[in-house]
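Data first, discussion second: the structure below is written as structure tokens.
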There are 2 protein chains.
Amino acid sequence: MERKRGRPRKYDPEIALDAALTLFWTRGYAATTLDALSEATGMQRPSLYAAFGDKSELFAQALGRFQQRMSQTLGAVLEQDPLDTALAELLVGVVDVYAPGDEPARGCFVFSVAALEAVEHPTTRAAVAKVVDALDERLRRRFERAVSAGELPAHCDVLTLARLSSAAVHSISLRARSGSSRRALRAFARASAAMLLSAARA
Amino acid sequence: MERKRGRPRKYDPEIALDAALTLFWTRGYAATTLDALSEATGMQRPSLYAAFGDKSELFAQALGRFQQRMSQTLGAVLEQDPLDTALAELLVGVVDVYAPGDEPARGCFVFSVAALEAVEHPTTRAAVAKVVDALDERLRRRFERAVSAGELPAHCDVLTLARLSSAAVHSISLRARSGSSRRALRAFARASAAMLLSAARA
DNA sequence: ACTATTTTGTACTGGATCGAATAAAACATC
DNA sequence: GATGTTTTATTCGATCCAGTACAAAATAGT
């Protein structure tokens with residue numbers, strides 16, 4: 001891996017993109033200024049443009065990064081056995097992402113921030129829909145696997161079960177952003193998992 | 001009711017506030033300019049300030065108006081009997097509010113638009129939390145009434161049932177804003193109501 | 001008519017914002 | 001060391017934005 005030709009970069013594109021993601025995540029698209037992005041990333045404005053394009057392109061790339069990371073993390077958790085712990089840990093796991101620390105929680109980047117832009121920007125709308133659908137699909141496949149494994153009865157409505165489990169995730173995002181405590185969120189996550197599975201076995 | 005002293009208003013404050021609400025609802029707080037608000041309401045900028053205060057105060061009043069209207073509408077639907085139709089009509093009813101027509105659906109004003117501001121504006125955060133909690137509470141009381149009426153078994157977890165029903169509402173808001181069809185939303189609403197009640201009776 | 005009062009309509013201001021243009025800096029290669 | 005290339009750093013310009021000042025307009029009371 002050879003060194004490139006010109007003046008070396010001062011920034012790491014990955015770290016800078018994470019910083020941009022964090023800023024968009026808290027303030028939303030419109031309220032995030034290029035000056036703030038420049039300061040947060042440590043990059044000057046022309047460097048931002050050279051690396052990521054304009055503001056909307058940077059936002060799109062931040063979204064892609066969030067989605068990719070989320071998909072990997074949650075995918076691994078969900079493939080655990082047995083089903084009951086997989087679902088419970090999925091829901092409790094999103095609490096850690098949506099409400100990580102003490103500062104005001106931000107919820108989900110896609111469901112809370114990108115969704116706002118969905119009305120007027122069809123591209124973002126499609127991206128949000130894709131994330132929503134992907135979670136539904138992943139959950140549905142996991143539930144179908146559970147049916148095959150005899151963990152769930154054959155007659156159960158796996159599609160609705162998946163969508164309602166997604167709904168719990170959506171709700172955790174909203175509740176986190178509205179200030180619910182981590183403790184309350186975890187309690188909701190666990191109780192939801194239990195009730196969803198009891199519904200599946202009814 | 002006597003006429004007032006000076007030059008008569010050209011606008012109806014209620015209608016103007018509705019127009020402002022609509023605009024905030026589609027664009028979000030930051031992306032909604034006073035020029036756009038002025039045009040949508042038919043009021044000149046100084047009239048806007050005189051009637052509603054500055055931009056953030058106008059937003060707060062729009063939120064209050066949405067909340068009040070929503071509360072009335074849904075409250076009536078939920079007090080129906082029996083429980084099964086009350087819950088189903090509640091969820092199907094929110095579809096009509098969140099995805100009314102053909103143009104890009106906007107979801108819930110509080111859950112999608114106000115929630116974005118929740119991180120940096122504690123007042124808005126509290127307002128969002130209040131709406132979330134109010135829906136939880138209303139549902140919980142309705143389920144407790146159903147237990148008293150013998151529609152649900154006494155042992156069932158009404159609190160989680162209520163929160164999970166709220167979650168379905170939150171999810172419908174998100175799915176609407178992400179472009180899901182009214183048909184798909186209604187199907188999800190009905191299937192969710194059925195599954196939640198089967199869980200309650202498990 | 002005249003005055004007081006309320007609202008409207010126009011114009012303005014200070015500041016923020018996005019994107020670009022330009023020049024200096026730091027490196028590899030020849 | 002000279003040259004070419006890539007990035008950084010500064011600066012600029014055109015636009016947009018929120019909030020306000022001020023005068024004209026439209027009504028009720030006297």
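We label chains A, B, ... in the order they appear in the structure tokens, count residues from 1 in each chain, and number ligands from 1 in the order shown.
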Pull out every residue of chain B that has at least one atom within 8 Å of chain A, counting only C-alpha atoms, and report them as a PDB file with N, CA, C and O atoms, in the first residue's frame.
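The new file selection-v3.pdb reads:
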ATOM      1  N   THR B  26     -45.068  19.190   7.534  1.00  0.00           N
ATOM      2  CA  THR B  26     -44.400  18.599   6.369  1.00  0.00           C
ATOM      3  C   THR B  26     -42.902  18.894   6.348  1.00  0.00           C
ATOM      4  O   THR B  26     -42.107  18.026   6.007  1.00  0.00           O
ATOM      5  N   ARG B  27     -42.513  20.103   6.733  1.00  0.00           N
ATOM      6  CA  ARG B  27     -41.104  20.495   6.559  1.00  0.00           C
ATOM      7  C   ARG B  27     -40.257  20.365   7.808  1.00  0.00           C
ATOM      8  O   ARG B  27     -39.029  20.412   7.725  1.00  0.00           O
ATOM      9  N   GLY B  28     -40.894  20.275   8.960  1.00  0.00           N
ATOM     10  CA  GLY B  28     -40.131  20.307  10.204  1.00  0.00           C
ATOM     11  C   GLY B  28     -39.918  21.735  10.666  1.00  0.00           C
ATOM     12  O   GLY B  28     -40.187  22.690   9.933  1.00  0.00           O
ATOM     13  N   ALA B  30     -37.027  23.541  11.589  1.00  0.00           N
ATOM     14  CA  ALA B  30     -35.910  24.347  11.081  1.00  0.00           C
ATOM     15  C   ALA B  30     -36.099  24.744   9.625  1.00  0.00           C
ATOM     16  O   ALA B  30     -35.740  25.853   9.231  1.00  0.00           O
ATOM     17  N   ALA B  31     -36.648  23.852   8.828  1.00  0.00           N
ATOM     18  CA  ALA B  31     -36.758  24.111   7.395  1.00  0.00           C
ATOM     19  C   ALA B  31     -37.962  24.964   7.040  1.00  0.00           C
ATOM     20  O   ALA B  31     -38.151  25.337   5.884  1.00  0.00           O
ATOM     21  N   PRO B 104     -47.465  12.779  -0.375  1.00  0.00           N
ATOM     22  CA  PRO B 104     -46.605  12.104   0.609  1.00  0.00           C
ATOM     23  C   PRO B 104     -47.130  12.252   2.033  1.00  0.00           C
ATOM     24  O   PRO B 104     -47.342  13.368   2.527  1.00  0.00           O
ATOM     25  N   ALA B 105     -47.352  11.138   2.691  1.00  0.00           N
ATOM     26  CA  ALA B 105     -47.912  11.148   4.038  1.00  0.00           C
ATOM     27  C   ALA B 105     -46.917  11.750   5.019  1.00  0.00           C
ATOM     28  O   ALA B 105     -45.704  11.671   4.827  1.00  0.00           O
ATOM     29  N   ARG B 106     -47.448  12.321   6.099  1.00  0.00           N
ATOM     30  CA  ARG B 106     -46.590  13.047   7.033  1.00  0.00           C
ATOM     31  C   ARG B 106     -46.423  12.375   8.381  1.00  0.00           C
ATOM     32  O   ARG B 106     -45.677  12.851   9.218  1.00  0.00           O
ATOM     33  N   PHE B 111     -44.785  12.752  16.928  1.00  0.00           N
ATOM     34  CA  PHE B 111     -43.806  11.669  16.915  1.00  0.00           C
ATOM     35  C   PHE B 111     -42.740  11.862  15.839  1.00  0.00           C
ATOM     36  O   PHE B 111     -41.613  11.386  15.990  1.00  0.00           O
ATOM     37  N   SER B 112     -43.089  12.521  14.765  1.00  0.00           N
ATOM     38  CA  SER B 112     -42.129  12.658  13.667  1.00  0.00           C
ATOM     39  C   SER B 112     -41.460  14.032  13.636  1.00  0.00           C
ATOM     40  O   SER B 112     -40.276  14.124  13.326  1.00  0.00           O
ATOM     41  N   VAL B 113     -42.204  15.076  13.906  1.00  0.00           N
ATOM     42  CA  VAL B 113     -41.672  16.430  13.740  1.00  0.00           C
ATOM     43  C   VAL B 113     -41.181  17.001  15.065  1.00  0.00           C
ATOM     44  O   VAL B 113     -40.026  17.392  15.202  1.00  0.00           O
ATOM     45  N   ALA B 115     -40.616  15.450  17.770  1.00  0.00           N
ATOM     46  CA  ALA B 115     -39.620  14.578  18.400  1.00  0.00           C
ATOM     47  C   ALA B 115     -38.205  14.933  17.949  1.00  0.00           C
ATOM     48  O   ALA B 115     -37.245  14.749  18.697  1.00  0.00           O
ATOM     49  N   LEU B 116     -38.068  15.454  16.738  1.00  0.00           N
ATOM     50  CA  LEU B 116     -36.729  15.826  16.283  1.00  0.00           C
ATOM     51  C   LEU B 116     -36.139  16.931  17.150  1.00  0.00           C
ATOM     52  O   LEU B 116     -34.944  16.935  17.439  1.00  0.00           O
ATOM     53  N   GLU B 117     -36.986  17.844  17.560  1.00  0.00           N
ATOM     54  CA  GLU B 117     -36.508  18.976  18.358  1.00  0.00           C
ATOM     55  C   GLU B 117     -36.282  18.599  19.820  1.00  0.00           C
ATOM     56  O   GLU B 117     -35.775  19.397  20.605  1.00  0.00           O
ATOM     57  N   ALA B 118     -36.712  17.392  20.169  1.00  0.00           N
ATOM     58  CA  ALA B 118     -36.716  16.994  21.576  1.00  0.00           C
ATOM     59  C   ALA B 118     -35.320  16.973  22.191  1.00  0.00           C
ATOM     60  O   ALA B 118     -35.160  17.203  23.391  1.00  0.00           O
ATOM     61  N   VAL B 119     -34.313  16.692  21.389  1.00  0.00           N
ATOM     62  CA  VAL B 119     -32.973  16.548  21.953  1.00  0.00           C
ATOM     63  C   VAL B 119     -32.450  17.878  22.474  1.00  0.00           C
ATOM     64  O   VAL B 119     -31.913  17.958  23.577  1.00  0.00           O
ATOM     65  N   GLU B 120     -32.642  18.920  21.712  1.00  0.00           N
ATOM     66  CA  GLU B 120     -32.026  20.188  22.078  1.00  0.00           C
ATOM     67  C   GLU B 120     -32.980  21.174  22.741  1.00  0.00           C
ATOM     68  O   GLU B 120     -32.525  22.193  23.268  1.00  0.00           O
ATOM     69  N   ARG B 125     -39.209  18.469  24.313  1.00  0.00           N
ATOM     70  CA  ARG B 125     -39.041  17.100  24.783  1.00  0.00           C
ATOM     71  C   ARG B 125     -40.115  16.735  25.798  1.00  0.00           C
ATOM     72  O   ARG B 125     -40.736  15.669  25.722  1.00  0.00           O
ATOM     73  N   ALA B 126     -40.364  17.640  26.719  1.00  0.00           N
ATOM     74  CA  ALA B 126     -41.395  17.387  27.724  1.00  0.00           C
ATOM     75  C   ALA B 126     -42.769  17.264  27.082  1.00  0.00           C
ATOM     76  O   ALA B 126     -43.581  16.413  27.480  1.00  0.00           O
ATOM     77  N   VAL B 128     -43.430  16.228  24.032  1.00  0.00           N
ATOM     78  CA  VAL B 128     -43.516  14.930  23.349  1.00  0.00           C
ATOM     79  C   VAL B 128     -43.744  13.819  24.362  1.00  0.00           C
ATOM     80  O   VAL B 128     -44.609  12.949  24.182  1.00  0.00           O
ATOM     81  N   ALA B 129     -42.984  13.867  25.442  1.00  0.00           N
ATOM     82  CA  ALA B 129     -43.132  12.835  26.478  1.00  0.00           C
ATOM     83  C   ALA B 129     -44.551  12.822  27.026  1.00  0.00           C
ATOM     84  O   ALA B 129     -45.129  11.756  27.271  1.00  0.00           O
ATOM     85  N   VAL B 132     -46.796  11.029  24.570  1.00  0.00           N
ATOM     86  CA  VAL B 132     -46.543   9.584  24.607  1.00  0.00           C
ATOM     87  C   VAL B 132     -47.169   8.977  25.857  1.00  0.00           C
ATOM     88  O   VAL B 132     -47.890   7.969  25.788  1.00  0.00           O
ATOM     89  N   THR B 160     -48.080  -3.238  29.885  1.00  0.00           N
ATOM     90  CA  THR B 160     -47.332  -3.570  28.673  1.00  0.00           C
ATOM     91  C   THR B 160     -48.235  -3.622  27.455  1.00  0.00           C
ATOM     92  O   THR B 160     -47.854  -3.199  26.357  1.00  0.00           O
ATOM     93  N   LEU B 161     -49.426  -4.113  27.666  1.00  0.00           N
ATOM     94  CA  LEU B 161     -50.391  -4.144  26.573  1.00  0.00           C
ATOM     95  C   LEU B 161     -50.648  -2.735  26.046  1.00  0.00           C
ATOM     96  O   LEU B 161     -50.691  -2.499  24.821  1.00  0.00           O
ATOM     97  N   ARG B 163     -48.632  -0.104  26.383  1.00  0.00           N
ATOM     98  CA  ARG B 163     -47.428   0.453  25.760  1.00  0.00           C
ATOM     99  C   ARG B 163     -47.167  -0.157  24.393  1.00  0.00           C
ATOM    100  O   ARG B 163     -46.682   0.513  23.475  1.00  0.00           O
ATOM    101  N   LEU B 164     -47.485  -1.407  24.261  1.00  0.00           N
ATOM    102  CA  LEU B 164     -47.280  -2.059  22.970  1.00  0.00           C
ATOM    103  C   LEU B 164     -48.326  -1.583  21.960  1.00  0.00           C
ATOM    104  O   LEU B 164     -48.037  -1.484  20.755  1.00  0.00           O
ATOM    105  N   SER B 166     -49.508   1.466  22.030  1.00  0.00           N
ATOM    106  CA  SER B 166     -48.914   2.753  21.666  1.00  0.00           C
ATOM    107  C   SER B 166     -47.826   2.554  20.625  1.00  0.00           C
ATOM    108  O   SER B 166     -47.700   3.324  19.672  1.00  0.00           O
ATOM    109  N   ALA B 167     -47.034   1.524  20.826  1.00  0.00           N
ATOM    110  CA  ALA B 167     -45.948   1.246  19.888  1.00  0.00           C
ATOM    111  C   ALA B 167     -46.482   1.032  18.483  1.00  0.00           C
ATOM    112  O   ALA B 167     -45.868   1.471  17.501  1.00  0.00           O
ATOM    113  N   ALA B 168     -47.628   0.382  18.391  1.00  0.00           N
ATOM    114  CA  ALA B 168     -48.237   0.194  17.069  1.00  0.00           C
ATOM    115  C   ALA B 168     -48.583   1.548  16.455  1.00  0.00           C
ATOM    116  O   ALA B 168     -48.372   1.768  15.253  1.00  0.00           O
ATOM    117  N   HIS B 170     -47.045   4.427  17.149  1.00  0.00           N
ATOM    118  CA  HIS B 170     -45.766   5.035  16.777  1.00  0.00           C
ATOM    119  C   HIS B 170     -45.273   4.471  15.453  1.00  0.00           C
ATOM    120  O   HIS B 170     -44.760   5.179  14.592  1.00  0.00           O
ATOM    121  N   SER B 171     -45.443   3.180  15.302  1.00  0.00           N
ATOM    122  CA  SER B 171     -44.958   2.517  14.101  1.00  0.00           C
ATOM    123  C   SER B 171     -45.768   2.929  12.876  1.00  0.00           C
ATOM    124  O   SER B 171     -45.210   3.128  11.789  1.00  0.00           O
ATOM    125  N   LEU B 174     -44.463   6.218  11.702  1.00  0.00           N
ATOM    126  CA  LEU B 174     -43.202   6.092  10.960  1.00  0.00           C
ATOM    127  C   LEU B 174     -43.416   5.474   9.585  1.00  0.00           C
ATOM    128  O   LEU B 174     -42.886   5.963   8.577  1.00  0.00           O
ATOM    129  N   ARG B 175     -44.182   4.420   9.540  1.00  0.00           N
ATOM    130  CA  ARG B 175     -44.416   3.731   8.265  1.00  0.00           C
ATOM    131  C   ARG B 175     -45.145   4.632   7.288  1.00  0.00           C
ATOM    132  O   ARG B 175     -44.877   4.605   6.072  1.00  0.00           O
ATOM    133  N   ARG B 177     -44.943   7.935   7.172  1.00  0.00           N
ATOM    134  CA  ARG B 177     -43.995   8.937   6.693  1.00  0.00           C
ATOM    135  C   ARG B 177     -42.954   8.331   5.755  1.00  0.00           C
ATOM    136  O   ARG B 177     -42.367   9.019   4.926  1.00  0.00           O
ATOM    137  N   SER B 178     -42.702   7.060   5.899  1.00  0.00           N
ATOM    138  CA  SER B 178     -41.710   6.425   5.025  1.00  0.00           C
ATOM    139  C   SER B 178     -42.341   5.947   3.728  1.00  0.00           C
ATOM    140  O   SER B 178     -41.657   5.330   2.910  1.00  0.00           O
ATOM    141  N   GLY B 179     -43.632   6.196   3.550  1.00  0.00           N
ATOM    142  CA  GLY B 179     -44.227   5.960   2.244  1.00  0.00           C
ATOM    143  C   GLY B 179     -45.087   4.715   2.118  1.00  0.00           C
ATOM    144  O   GLY B 179     -45.522   4.369   1.020  1.00  0.00           O
ATOM    145  N   SER B 180     -45.346   4.037   3.217  1.00  0.00           N
ATOM    146  CA  SER B 180     -46.201   2.857   3.160  1.00  0.00           C
ATOM    147  C   SER B 180     -47.599   3.246   2.674  1.00  0.00           C
ATOM    148  O   SER B 180     -48.084   4.332   2.974  1.00  0.00           O
ATOM    149  N   PHE B 188     -51.838  -3.550   8.559  1.00  0.00           N
ATOM    150  CA  PHE B 188     -50.995  -3.651   9.745  1.00  0.00           C
ATOM    151  C   PHE B 188     -51.785  -3.283  10.996  1.00  0.00           C
ATOM    152  O   PHE B 188     -51.676  -3.943  12.040  1.00  0.00           O
ATOM    153  N   ALA B 191     -54.240  -6.194  11.853  1.00  0.00           N
ATOM    154  CA  ALA B 191     -53.534  -7.401  12.299  1.00  0.00           C
ATOM    155  C   ALA B 191     -52.893  -7.160  13.669  1.00  0.00           C
ATOM    156  O   ALA B 191     -52.865  -8.062  14.521  1.00  0.00           O
ATOM    157  N   SER B 192     -52.415  -5.955  13.895  1.00  0.00           N
ATOM    158  CA  SER B 192     -51.804  -5.640  15.189  1.00  0.00           C
ATOM    159  C   SER B 192     -52.836  -5.692  16.302  1.00  0.00           C
ATOM    160  O   SER B 192     -52.582  -6.254  17.371  1.00  0.00           O
ATOM    161  N   MET B 195     -53.576  -9.262  17.120  1.00  0.00           N
ATOM    162  CA  MET B 195     -52.499  -9.962  17.821  1.00  0.00           C
ATOM    163  C   MET B 195     -52.327  -9.449  19.257  1.00  0.00           C
ATOM    164  O   MET B 195     -52.090 -10.236  20.180  1.00  0.00           O
ATOM    165  N   LEU B 196     -52.472  -8.156  19.443  1.00  0.00           N
ATOM    166  CA  LEU B 196     -52.352  -7.613  20.797  1.00  0.00           C
ATOM    167  C   LEU B 196     -53.423  -8.200  21.712  1.00  0.00           C
ATOM    168  O   LEU B 196     -53.144  -8.556  22.862  1.00  0.00           O
ATOM    169  N   SER B 198     -55.003 -11.028  21.288  1.00  0.00           N
ATOM    170  CA  SER B 198     -54.768 -12.460  21.517  1.00  0.00           C
ATOM    171  C   SER B 198     -53.672 -12.642  22.563  1.00  0.00           C
ATOM    172  O   SER B 198     -53.704 -13.575  23.359  1.00  0.00           O
ATOM    173  N   ALA B 199     -52.717 -11.707  22.576  1.00  0.00           N
ATOM    174  CA  ALA B 199     -51.679 -11.773  23.602  1.00  0.00           C
ATOM    175  C   ALA B 199     -52.277 -11.508  24.981  1.00  0.00           C
ATOM    176  O   ALA B 199     -51.920 -12.160  25.965  1.00  0.00           O
ATOM    177  N   ALA B 200     -53.188 -10.562  25.024  1.00  0.00           N
ATOM    178  CA  ALA B 200     -53.794 -10.215  26.305  1.00  0.00           C
ATOM    179  C   ALA B 200     -54.585 -11.384  26.873  1.00  0.00           C
ATOM    180  O   ALA B 200     -54.720 -11.530  28.091  1.00  0.00           O
ATOM    181  N   ALA B 202     -53.876 -14.568  26.331  1.00  0.00           N
ATOM    182  CA  ALA B 202     -53.072 -15.793  26.382  1.00  0.00           C
ATOM    183  C   ALA B 202     -52.830 -16.221  27.833  1.00  0.00           C
ATOM    184  O   ALA B 202     -52.789 -15.386  28.718  1.00  0.00           O
TER     185      ALA B 202
END
Go through chain A and flag each residue having an atom no more than 12 Å from chain C; for those, report the closest pair of atoms plus their distance in Å to one decimal, using only C-alpha atoms (C1' of nucleotides), ordered by chain and rising number, as JSON lines.
{"residue": "A:Glu2", "atom": "CA", "partner": "C:DA28", "partner_atom": "C1'", "distance": 10.4}
{"residue": "A:Arg3", "atom": "CA", "partner": "C:DA28", "partner_atom": "C1'", "distance": 8.1}
{"residue": "A:Lys4", "atom": "CA", "partner": "C:DA28", "partner_atom": "C1'", "distance": 7.3}
{"residue": "A:Arg5", "atom": "CA", "partner": "C:DA28", "partner_atom": "C1'", "distance": 4.9}
{"residue": "A:Gly6", "atom": "CA", "partner": "C:DC27", "partner_atom": "C1'", "distance": 4.8}
{"residue": "A:Arg7", "atom": "CA", "partner": "C:DA26", "partner_atom": "C1'", "distance": 4.4}
{"residue": "A:Pro8", "atom": "CA", "partner": "C:DC27", "partner_atom": "C1'", "distance": 6.5}
{"residue": "A:Arg9", "atom": "CA", "partner": "C:DA26", "partner_atom": "C1'", "distance": 9.7}
{"residue": "A:Lys10", "atom": "CA", "partner": "C:DA26", "partner_atom": "C1'", "distance": 10.9}
{"residue": "A:Ala30", "atom": "CA", "partner": "C:DT17", "partner_atom": "C1'", "distance": 11.0}
{"residue": "A:Ala31", "atom": "CA", "partner": "C:DT17", "partner_atom": "C1'", "distance": 10.8}
{"residue": "A:Thr32", "atom": "CA", "partner": "C:DT17", "partner_atom": "C1'", "distance": 10.5}
{"residue": "A:Thr33", "atom": "CA", "partner": "C:DT17", "partner_atom": "C1'", "distance": 7.3}
{"residue": "A:Leu34", "atom": "CA", "partner": "C:DC18", "partner_atom": "C1'", "distance": 7.7}
{"residue": "A:Asp35", "atom": "CA", "partner": "C:DT17", "partner_atom": "C1'", "distance": 8.7}
{"residue": "A:Ala36", "atom": "CA", "partner": "C:DT17", "partner_atom": "C1'", "distance": 11.1}
{"residue": "A:Arg45", "atom": "CA", "partner": "C:DG19", "partner_atom": "C1'", "distance": 9.2}
{"residue": "A:Pro46", "atom": "CA", "partner": "C:DA20", "partner_atom": "C1'", "distance": 8.5}
{"residue": "A:Leu48", "atom": "CA", "partner": "C:DG19", "partner_atom": "C1'", "distance": 11.2}
{"residue": "A:Tyr49", "atom": "CA", "partner": "C:DG19", "partner_atom": "C1'", "distance": 9.0}
{"residue": "A:Ala50", "atom": "CA", "partner": "C:DA20", "partner_atom": "C1'", "distance": 11.8}
{"residue": "A:Gly53", "atom": "CA", "partner": "C:DG19", "partner_atom": "C1'", "distance": 10.7}
{"residue": "A:Asp54", "atom": "CA", "partner": "C:DG19", "partner_atom": "C1'", "distance": 8.3}
{"residue": "A:Lys55", "atom": "CA", "partner": "C:DC18", "partner_atom": "C1'", "distance": 8.9}
{"residue": "A:Ser56", "atom": "CA", "partner": "C:DC18", "partner_atom": "C1'", "distance": 11.6}
Chain D contacts to chain A at 7 Å (only C-alpha atoms (C1' of nucleotides)) as a list in words: DT5, DT6 and DT7 of chain D
Mind dumping the selected residues with C-alpha atoms (C1' of nucleotides) as a PDB file, in the first residue's frame?
ATOM      1  C1'  DT D   5      -0.084  16.707  -7.397  1.00  0.00           C
ATOM      2  C1'  DT D   6      -3.043  16.620  -3.622  1.00  0.00           C
ATOM      3  C1'  DT D   7      -4.768  18.717   0.434  1.00  0.00           C
TER       4       DT D   7
END
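In this model, the gap between CA of Tyr98 (chain A) and CA of Arg65 (chain A) comes to 15.7 Å.
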DSSP-assigned helix (DSSP H, G or I) among region 20-120 of chain B, expressed as a count of residues only: 73
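Note that CA of Gln67 (chain B) and CA of Phe24 (chain B) are 14.1 Å apart.
Taking CA of Ala60 (chain B) as the reference point, CA of Leu74 (chain B) is found at 20.9 Å.
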